[in-house]
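> Sharing final34.txt here; it has compact mmCIF, C-alpha atoms.
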```
# COMPACT_ATOMS: atom_id res chain seq x y z
CA MET A 295 -71.64 -176.44 26.58
CA VAL A 296 -71.56 -178.45 23.38
CA GLU A 297 -69.28 -181.48 23.40
CA TRP A 298 -67.36 -181.95 20.17
CA THR A 299 -65.45 -185.09 19.26
CA ASP A 300 -62.06 -184.84 17.57
CA PHE A 301 -63.67 -186.16 14.41
CA GLU A 302 -66.33 -183.46 14.49
CA ARG A 303 -63.78 -180.68 15.01
CA ALA A 304 -61.57 -181.99 12.22
CA THR A 305 -64.51 -182.43 9.85
CA ILE A 306 -65.79 -178.87 10.34
CA ALA A 307 -62.29 -177.38 10.06
CA ASP A 308 -61.67 -179.39 6.89
CA ILE A 309 -64.93 -178.45 5.16
CA PHE A 310 -64.48 -174.75 5.89
CA SER A 311 -60.78 -174.66 5.00
CA LYS A 312 -61.74 -175.73 1.49
CA MET A 313 -64.91 -173.64 1.30
CA GLU A 314 -65.49 -171.63 -1.87
CA TYR A 315 -67.56 -168.94 -0.21
CA GLU A 316 -68.48 -167.13 -3.44
CA VAL A 317 -69.87 -170.32 -4.95
CA ILE A 318 -71.45 -172.09 -1.99
CA GLY A 319 -72.96 -169.01 -0.31
CA PRO A 320 -74.92 -167.84 -3.36
CA ALA A 321 -75.93 -171.42 -4.19
CA ALA A 322 -77.30 -172.01 -0.69
CA LEU A 323 -79.22 -168.76 -0.41
CA SER A 324 -80.67 -168.93 -3.92
CA ARG A 325 -81.70 -172.56 -3.35
CA CYS A 326 -83.45 -171.51 -0.14
CA LEU A 327 -85.36 -168.74 -1.94
CA VAL A 328 -86.44 -171.21 -4.66
CA VAL A 329 -87.26 -174.22 -2.49
CA TYR A 330 -88.92 -172.21 0.30
CA PRO A 331 -90.33 -169.20 -1.55
CA TRP A 332 -91.83 -167.63 1.56
CA THR A 333 -88.30 -166.77 2.63
CA GLN A 334 -88.32 -164.15 -0.12
CA ARG A 335 -90.30 -161.97 2.26
CA TYR A 336 -87.05 -160.70 3.76
CA PHE A 337 -85.61 -159.58 0.46
CA GLY A 338 -88.22 -157.20 -0.94
CA ASN A 339 -85.54 -154.77 -2.07
CA PHE A 340 -83.43 -157.36 -3.93
CA GLY A 341 -85.12 -156.72 -7.28
CA ASN A 342 -86.08 -159.55 -9.59
CA LEU A 343 -86.94 -162.75 -7.69
CA TYR A 344 -89.80 -163.76 -9.99
CA ASN A 345 -88.55 -167.20 -10.96
CA ALA A 346 -85.74 -169.63 -10.24
CA ALA A 347 -83.52 -168.33 -13.06
CA ALA A 348 -83.92 -164.73 -11.86
CA ILE A 349 -83.12 -165.70 -8.26
CA ILE A 350 -80.08 -167.75 -9.22
CA GLY A 351 -78.77 -164.93 -11.45
CA ASN A 352 -79.51 -162.11 -9.01
CA PRO A 353 -76.28 -160.35 -7.96
CA MET A 354 -77.74 -159.08 -4.64
CA VAL A 355 -78.67 -162.66 -3.72
CA ALA A 356 -75.17 -163.80 -4.62
CA LYS A 357 -73.52 -161.07 -2.55
CA HIS A 358 -75.74 -161.72 0.44
CA GLY A 359 -75.22 -165.48 0.19
CA THR A 360 -71.47 -164.94 0.46
CA THR A 361 -71.96 -162.63 3.47
CA ILE A 362 -74.13 -165.16 5.28
CA LEU A 363 -71.69 -168.01 4.68
CA HIS A 364 -68.82 -165.94 6.07
CA GLY A 365 -71.06 -165.44 9.09
CA LEU A 366 -70.36 -169.08 9.94
CA ASP A 367 -66.63 -168.36 10.24
CA ARG A 368 -66.92 -167.13 13.79
CA ALA A 369 -68.46 -170.44 14.82
CA VAL A 370 -65.73 -172.38 13.02
CA LYS A 371 -63.05 -170.36 14.83
CA ASN A 372 -64.64 -170.75 18.25
CA MET A 373 -66.58 -173.99 18.36
CA ASP A 374 -66.54 -174.04 22.15
CA ASN A 375 -68.36 -170.74 22.47
CA ILE A 376 -70.81 -170.58 19.62
CA LYS A 377 -73.64 -169.35 21.81
CA SER A 378 -71.77 -166.25 22.96
CA GLU A 379 -70.27 -165.67 19.51
CA TYR A 380 -73.76 -165.25 18.05
CA ALA A 381 -75.45 -163.33 20.86
CA GLU A 382 -75.13 -160.02 19.01
CA LEU A 383 -76.18 -161.46 15.64
CA SER A 384 -79.14 -163.10 17.34
CA VAL A 385 -80.34 -159.76 18.69
CA LEU A 386 -79.84 -158.25 15.23
CA HIS A 387 -81.95 -160.96 13.55
CA SER A 388 -84.68 -160.58 16.14
CA GLU A 389 -84.86 -156.86 16.82
CA LYS A 390 -83.78 -155.32 13.55
CA LEU A 391 -84.26 -157.88 10.78
CA HIS A 392 -87.36 -159.54 12.33
CA VAL A 393 -86.48 -162.94 10.83
CA ASP A 394 -88.62 -165.87 11.96
CA PRO A 395 -86.01 -168.23 13.47
CA ASP A 396 -87.60 -171.21 11.66
CA ASN A 397 -85.93 -169.79 8.57
CA PHE A 398 -82.48 -170.53 9.96
CA LYS A 399 -83.23 -174.24 9.75
CA LEU A 400 -84.50 -173.90 6.17
CA LEU A 401 -81.30 -172.17 5.08
CA SER A 402 -79.13 -174.66 6.93
CA ASP A 403 -80.92 -177.56 5.16
CA CYS A 404 -80.20 -175.91 1.81
CA LEU A 405 -76.55 -175.40 2.78
CA THR A 406 -76.33 -179.10 3.69
CA ILE A 407 -77.71 -180.06 0.27
CA VAL A 408 -75.30 -177.72 -1.55
CA ILE A 409 -72.29 -179.04 0.40
CA SER A 410 -73.38 -182.63 -0.20
CA ALA A 411 -73.57 -181.93 -3.95
CA LYS A 412 -70.06 -180.49 -3.83
CA LEU A 413 -68.45 -183.23 -1.73
CA GLY A 414 -70.33 -186.21 -3.20
CA LYS A 415 -69.28 -189.55 -1.72
CA GLU A 416 -66.92 -187.80 0.70
CA PHE A 417 -70.04 -186.46 2.44
CA ASN A 418 -70.80 -189.77 4.12
CA GLY A 419 -73.14 -190.36 7.08
CA GLU A 420 -70.59 -189.40 9.74
CA VAL A 421 -69.52 -186.23 7.93
CA GLN A 422 -73.19 -185.34 7.43
CA ALA A 423 -73.89 -185.88 11.12
CA ALA A 424 -70.99 -183.61 12.13
CA PHE A 425 -71.97 -180.90 9.66
CA GLN A 426 -75.64 -180.97 10.66
CA LYS A 427 -74.73 -180.89 14.35
CA PHE A 428 -72.54 -177.84 13.76
CA LEU A 429 -75.31 -176.04 11.86
CA ALA A 430 -77.87 -177.02 14.50
CA VAL A 431 -75.75 -175.38 17.21
CA VAL A 432 -75.36 -172.20 15.11
CA VAL A 433 -79.11 -172.15 14.37
CA ASN A 434 -79.90 -172.60 18.04
CA SER A 435 -77.53 -169.77 19.02
CA LEU A 436 -79.04 -167.43 16.45
CA GLY A 437 -82.46 -168.02 17.97
CA ARG A 438 -81.36 -167.60 21.61
CA GLN A 439 -81.86 -163.86 22.03
CA TYR A 440 -85.39 -163.74 20.65
CA HIS A 441 -88.05 -162.79 23.12
CA MET B 244 -98.18 -176.80 -1.16
CA SER B 245 -99.39 -179.67 -3.35
CA PRO B 246 -97.34 -180.58 -6.42
CA THR B 247 -98.49 -178.64 -9.48
CA ALA B 248 -98.67 -180.13 -12.98
CA LYS B 249 -95.20 -178.66 -13.60
CA ASP B 250 -93.86 -180.26 -10.40
CA LYS B 251 -95.23 -183.65 -11.46
CA ASP B 252 -93.60 -183.38 -14.89
CA THR B 253 -90.30 -182.39 -13.26
CA VAL B 254 -90.48 -185.34 -10.85
CA LYS B 255 -91.30 -187.83 -13.61
CA ALA B 256 -88.46 -186.56 -15.82
CA PHE B 257 -85.96 -186.63 -12.94
CA TRP B 258 -87.16 -190.08 -11.84
CA ALA B 259 -86.51 -191.40 -15.35
CA LYS B 260 -82.89 -190.27 -14.97
CA ILE B 261 -82.35 -191.77 -11.52
CA ALA B 262 -84.55 -194.88 -11.49
CA GLY B 263 -81.60 -197.10 -12.40
CA LYS B 264 -79.91 -196.16 -9.12
CA ALA B 265 -83.00 -196.50 -6.96
CA ASP B 266 -81.54 -199.34 -4.88
CA ASP B 267 -78.33 -197.41 -4.15
CA ILE B 268 -80.34 -194.31 -3.29
CA GLY B 269 -82.52 -196.27 -0.88
CA THR B 270 -79.55 -197.95 0.81
CA ASP B 271 -77.63 -194.69 1.20
CA ALA B 272 -80.63 -192.65 2.42
CA LEU B 273 -81.54 -195.23 5.02
CA SER B 274 -77.92 -195.71 6.12
CA ARG B 275 -77.50 -191.98 6.59
CA MET B 276 -80.77 -191.66 8.49
CA LEU B 277 -79.71 -194.31 11.01
CA VAL B 278 -76.36 -192.57 11.55
CA VAL B 279 -77.42 -188.91 11.50
CA TYR B 280 -80.73 -189.40 13.38
CA PRO B 281 -80.00 -192.27 15.79
CA GLN B 282 -83.51 -192.09 17.30
CA THR B 283 -84.79 -193.68 14.06
CA LYS B 284 -82.98 -196.89 15.01
CA THR B 285 -85.77 -197.56 17.50
CA TYR B 286 -87.92 -198.82 14.63
CA PHE B 287 -85.38 -201.46 13.65
CA SER B 288 -84.50 -203.12 16.92
CA HIS B 289 -85.34 -206.45 15.26
CA TRP B 290 -82.47 -206.13 12.75
CA LYS B 291 -79.17 -207.85 13.40
CA ASP B 292 -77.08 -205.20 11.71
CA LEU B 293 -77.89 -201.50 11.50
CA SER B 294 -74.56 -200.38 10.07
CA PRO B 295 -74.45 -198.40 6.81
CA GLY B 296 -74.93 -200.64 3.77
CA SER B 297 -75.71 -203.77 5.80
CA ALA B 298 -77.92 -206.49 4.31
CA PRO B 299 -81.12 -205.51 6.19
CA VAL B 300 -80.50 -201.84 5.36
CA ARG B 301 -80.03 -202.63 1.68
CA LYS B 302 -83.12 -204.81 1.55
CA HIS B 303 -85.25 -202.21 3.30
CA GLY B 304 -83.85 -199.41 1.14
CA GLN B 305 -85.10 -201.36 -1.88
CA THR B 306 -88.53 -201.72 -0.31
CA VAL B 307 -88.78 -198.01 0.46
CA MET B 308 -87.67 -196.93 -3.02
CA GLY B 309 -90.12 -199.41 -4.52
CA GLY B 310 -92.82 -197.46 -2.71
CA VAL B 311 -91.42 -194.17 -4.06
CA ALA B 312 -91.38 -195.60 -7.60
CA ASP B 313 -94.99 -196.65 -7.19
CA ALA B 314 -95.90 -193.17 -5.99
CA VAL B 315 -94.25 -191.64 -9.08
CA LYS B 316 -96.39 -193.91 -11.28
CA LYS B 317 -99.49 -192.84 -9.37
CA ILE B 318 -98.37 -189.24 -9.03
CA ASP B 319 -101.73 -187.85 -10.05
CA ASP B 320 -103.43 -189.27 -6.97
CA VAL B 321 -100.85 -190.37 -4.46
CA SER B 322 -103.33 -190.73 -1.58
CA ALA B 323 -105.64 -193.09 -3.46
CA GLY B 324 -102.78 -194.92 -5.13
CA LEU B 325 -100.97 -195.72 -1.88
CA LEU B 326 -104.03 -196.72 0.17
CA SER B 327 -102.67 -200.05 1.38
CA LEU B 328 -99.26 -198.58 2.26
CA SER B 329 -101.10 -195.85 4.07
CA GLU B 330 -102.99 -198.38 6.17
CA LEU B 331 -99.80 -200.34 6.81
CA HIS B 332 -98.03 -197.27 8.21
CA ALA B 333 -101.07 -196.15 10.22
CA LEU B 334 -102.25 -199.38 11.76
CA THR B 335 -99.26 -201.71 11.82
CA LEU B 336 -95.98 -199.80 11.61
CA ARG B 337 -97.16 -196.65 13.37
CA VAL B 338 -94.02 -194.75 12.43
CA ASP B 339 -94.22 -191.25 13.94
CA PRO B 340 -94.92 -188.97 10.96
CA ALA B 341 -92.02 -186.69 11.93
CA ASN B 342 -89.76 -189.44 10.61
CA PHE B 343 -91.13 -189.09 7.08
CA LYS B 344 -89.58 -185.62 6.99
CA ILE B 345 -86.30 -187.03 8.27
CA LEU B 346 -86.12 -189.77 5.64
CA SER B 347 -87.20 -187.32 2.92
CA HIS B 348 -84.37 -184.99 3.90
CA ASN B 349 -81.86 -187.83 3.65
CA ILE B 350 -83.21 -188.86 0.24
CA LEU B 351 -82.65 -185.27 -0.93
CA VAL B 352 -79.08 -185.28 0.43
CA VAL B 353 -78.34 -188.54 -1.42
CA LEU B 354 -79.83 -187.17 -4.65
CA ALA B 355 -77.56 -184.13 -4.30
CA THR B 356 -74.46 -186.28 -3.78
CA MET B 357 -75.29 -188.65 -6.64
CA PHE B 358 -76.72 -186.20 -9.20
CA PRO B 359 -75.10 -182.83 -8.39
CA THR B 360 -75.74 -181.20 -11.77
CA ASP B 361 -79.25 -182.61 -12.29
CA PHE B 362 -80.48 -181.82 -8.78
CA THR B 363 -80.99 -178.13 -9.48
CA PRO B 364 -83.02 -175.87 -7.15
CA GLU B 365 -86.06 -176.31 -9.43
CA VAL B 366 -85.80 -180.09 -9.33
CA HIS B 367 -85.17 -179.90 -5.57
CA VAL B 368 -88.37 -177.97 -4.85
CA SER B 369 -90.51 -180.30 -7.02
CA VAL B 370 -89.05 -183.45 -5.47
CA ASP B 371 -89.40 -181.97 -1.97
CA LYS B 372 -93.08 -181.19 -2.61
CA PHE B 373 -93.62 -184.69 -4.02
CA LEU B 374 -92.01 -186.38 -1.01
CA ALA B 375 -94.12 -184.19 1.29
CA ALA B 376 -97.27 -185.26 -0.58
CA LEU B 377 -96.11 -188.87 -0.31
CA SER B 378 -95.56 -188.44 3.45
CA ARG B 379 -99.01 -186.91 3.83
CA ALA B 380 -100.52 -189.87 1.96
CA LEU B 381 -98.71 -192.31 4.26
CA SER B 382 -100.04 -190.59 7.38
CA GLU B 383 -103.60 -190.23 5.98
CA LYS B 384 -105.08 -192.99 8.08
CA TYR B 385 -103.23 -192.31 11.32
CA ARG B 386 -106.23 -190.71 13.01
```
Could you show the structure in this file as structure tokens?

Amino acid sequence: MVEWTDFERATIADIFSKMEYEVIGPAALSRCLVVYPWTQRYFGNFGNLYNAAAIIGNPMVAKHGTTILHGLDRAVKNMDNIKSEYAELSVLHSEKLHVDPDNFKLLSDCLTIVISAKLGKEFNGEVQAAFQKFLAVVVNSLGRQYH
Amino acid sequence: MSPTAKDKDTVKAFWAKIAGKADDIGTDALSRMLVVYPQTKTYFSHWKDLSPGSAPVRKHGQTVMGGVADAVKKIDDVSAGLLSLSELHALTLRVDPANFKILSHNILVVLATMFPTDFTPEVHVSVDKFLAALSRALSEKYR
């Protein structure tokens, strides 16, 4: 059971209430594919990923980035049960998508960087700590059903 | 995963843009690290004040960014260029190398907050590779 402080709950709710999913999702995923190019292995059918410009302009990357970011909604809505919320998605990522769970951390680091660019000074140490803790719990839950 | 010639050019160009704010970057990165990764405070038990932006944090942030600036100047051979810093970290400070990744991550977060339009994915990957090379150089002499 993860313990959340009032500050942490409020911070996560606030960030996601203002979230521009169609901007942040694509930015996070495309950044991940550029900064950690080996993650491209999962997107062989996405077409042109040959350079940063191609990745950033790729509509399939953009669409999928938005999808992934919305995937965090279930954790935002049920912060006290994140592990069970992601049990099914965890099985999917393991059994069907065969994603190395280390990749979840890479994507979450890129999402942190994108959010920090958006929020600027507002993204202070305490906000960063809350956001990273939230993502760490999600990442952990997504890796739970691997065997 | 070593920085290519293109990475080095990108880092040097970006550094030229941000060098004026090096002290602020150092202070903020260190402050964040101590808050977000409290285990890193164990290396600073001799400081009176570990709160964000405190005097010891500011002073040390300057020291750290001075090292980064030096590494940018010596970007073509970071290991050789930072030999004495390497020995300092290996033999005296003995900071667990995992912490280099942690501080690097916080430097990247600060760069994103302070330079949102300049810190593009391409700049991000080059700077990340450079900081990784710097971290490797600092842990060269550990064993």
> Specify as a VMD selection string all residues of chain B found within 12 Å of chain A, counting all atoms listed in the file.
chain B and resid 244 250 270 to 281 294 to 296 344 to 345 347 to 372
> Can you tell me, as a CSV table (one decimal) with C-alpha atoms, keeping the file's coordinate frame, what residues are no more than 12 Å from Ala312 (chain B) when counting all atoms listed in the file, ignoring any on the same chain fewer than 5 positions away?

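Result saved to selection_5.csv:
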```csv
chain,number,residue,atom,x,y,z
B,254,VAL,CA,-90.5,-185.3,-10.8
B,255,LYS,CA,-91.3,-187.8,-13.6
B,257,PHE,CA,-86.0,-186.6,-12.9
B,258,TRP,CA,-87.2,-190.1,-11.8
B,259,ALA,CA,-86.5,-191.4,-15.4
B,261,ILE,CA,-82.4,-191.8,-11.5
B,262,ALA,CA,-84.6,-194.9,-11.5
B,263,GLY,CA,-81.6,-197.1,-12.4
B,264,LYS,CA,-79.9,-196.2,-9.1
B,265,ALA,CA,-83.0,-196.5,-7.0
B,266,ASP,CA,-81.5,-199.3,-4.9
B,268,ILE,CA,-80.3,-194.3,-3.3
B,269,GLY,CA,-82.5,-196.3,-0.9
B,305,GLN,CA,-85.1,-201.4,-1.9
B,306,THR,CA,-88.5,-201.7,-0.3
B,307,VAL,CA,-88.8,-198.0,0.5
B,317,LYS,CA,-99.5,-192.8,-9.4
B,318,ILE,CA,-98.4,-189.2,-9.0
B,321,VAL,CA,-100.8,-190.4,-4.5
B,324,GLY,CA,-102.8,-194.9,-5.1
B,325,LEU,CA,-101.0,-195.7,-1.9
B,373,PHE,CA,-93.6,-184.7,-4.0
B,374,LEU,CA,-92.0,-186.4,-1.0
B,377,LEU,CA,-96.1,-188.9,-0.3
```
> Could you work out how far CA of Glu382 (chain A) lies from CA of Lys399 (chain A), giving the answer in Å with one decimal?
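So the answer is 18.8 Å.
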> Grab the CA of Val370 (chain A) to CA of Glu302 (chain A) distance for me, in Å with one decimal place.
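Separation of CA of Val370 (chain A) and CA of Glu302 (chain A): 11.2 Å.
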> Grab the CA of Tyr380 (chain A) to CA of Phe398 (chain A) distance for me, in Å with one decimal place.
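CA of Tyr380 (chain A) sits 13.0 Å away from CA of Phe398 (chain A).
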> Can you report as JSON the centre and edge lengths in Å, to one decimal, of an axis-aligned box around the listed atoms of region 363-381 of chain B padded with 6 Å on each side?

```
{"center_x": -90.8, "center_y": -184.1, "center_z": -2.6, "size_x": 31.5, "size_y": 28.4, "size_z": 25.7}
```
> Kindly indicate which residue among B:His303, B:Phe287, B:Val311, B:Val338 lies nearest to Ala375 (chain B), using all atoms listed in the file for the distances.
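Among the listed residues, the smallest separation from Ala375 (chain B) belongs to B:Val311.
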> I need the residue nearest Phe428 (chain A) from this list: A:Val296, A:Leu400, A:Met354, A:Ile362. Use only C-alpha atoms for the distance.
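Checking each of A:Val296, A:Leu400, A:Met354, A:Ile362 against Phe428 (chain A), counting only C-alpha atoms, the winner is A:Val296.
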> Identify, on the basis of only C-alpha atoms, every residue whose closest approach to Ala380 (chain B) does not exceed 8 Å; exclude the query and any residue fewer than 2 positions from it along the same chain; express the result as a list of chain:residue names.
B:Val321, B:Ser322, B:Leu325, B:Leu326, B:Ser329, B:Ala376, B:Leu377, B:Ser378, B:Ser382, B:Glu383
> Which is closest to Asn372 (chain A) among A:Tyr315, A:Tyr440, A:Ala307, A:Asp394, if we use all atoms listed in the file?
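Checking each of A:Tyr315, A:Tyr440, A:Ala307, A:Asp394 against Asn372 (chain A), counting all atoms listed in the file, the winner is A:Ala307.
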> Identify which of the residues A:Asp367, A:Asp374, A:Ala381, A:Val393 lies closest to Ile309 (chain A), counting only C-alpha atoms when measuring atom-to-atom distances.
A:Asp367
> Go ahead and find all residues with at least one atom no further than 9 Å from (-76.3, -169.6, 17.5) in the file's coordinates, using only C-alpha atoms; report them as a VMD selection string.
chain A and resid 369 376 to 381 383 to 384 429 to 438
> Could you pull the residues within 10 Å of Gly351 (chain A), counting all atoms listed in the file, minus those fewer than 6 positions along the same chain, as a list in words?
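The contact residues come out as Pro320, Ser324, Asn342 and Leu343 of chain A.
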> Find, counting only C-alpha atoms, the residue in B:Asp292, B:Arg301, B:Lys384, B:Lys316 that gets nearest to Leu334 (chain B).
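For Leu334 (chain B), the nearest of the given residues is B:Lys384.
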> Can you pull out the residues contacting His441 (chain A)? Cut-off 10 Å, using all atoms listed in the file, and skip same-chain residues under 5 positions away; I want them as a PDB file with C-alpha atoms, keeping the file's coordinate frame.

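The result, written out as result.pdb:
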```pdb
ATOM      1  CA  VAL A 385     -80.340-159.760  18.690  1.00  0.00           C
ATOM      2  CA  SER A 388     -84.680-160.580  16.140  1.00  0.00           C
ATOM      3  CA  GLU A 389     -84.860-156.860  16.820  1.00  0.00           C
TER       4      GLU A 389
END
```
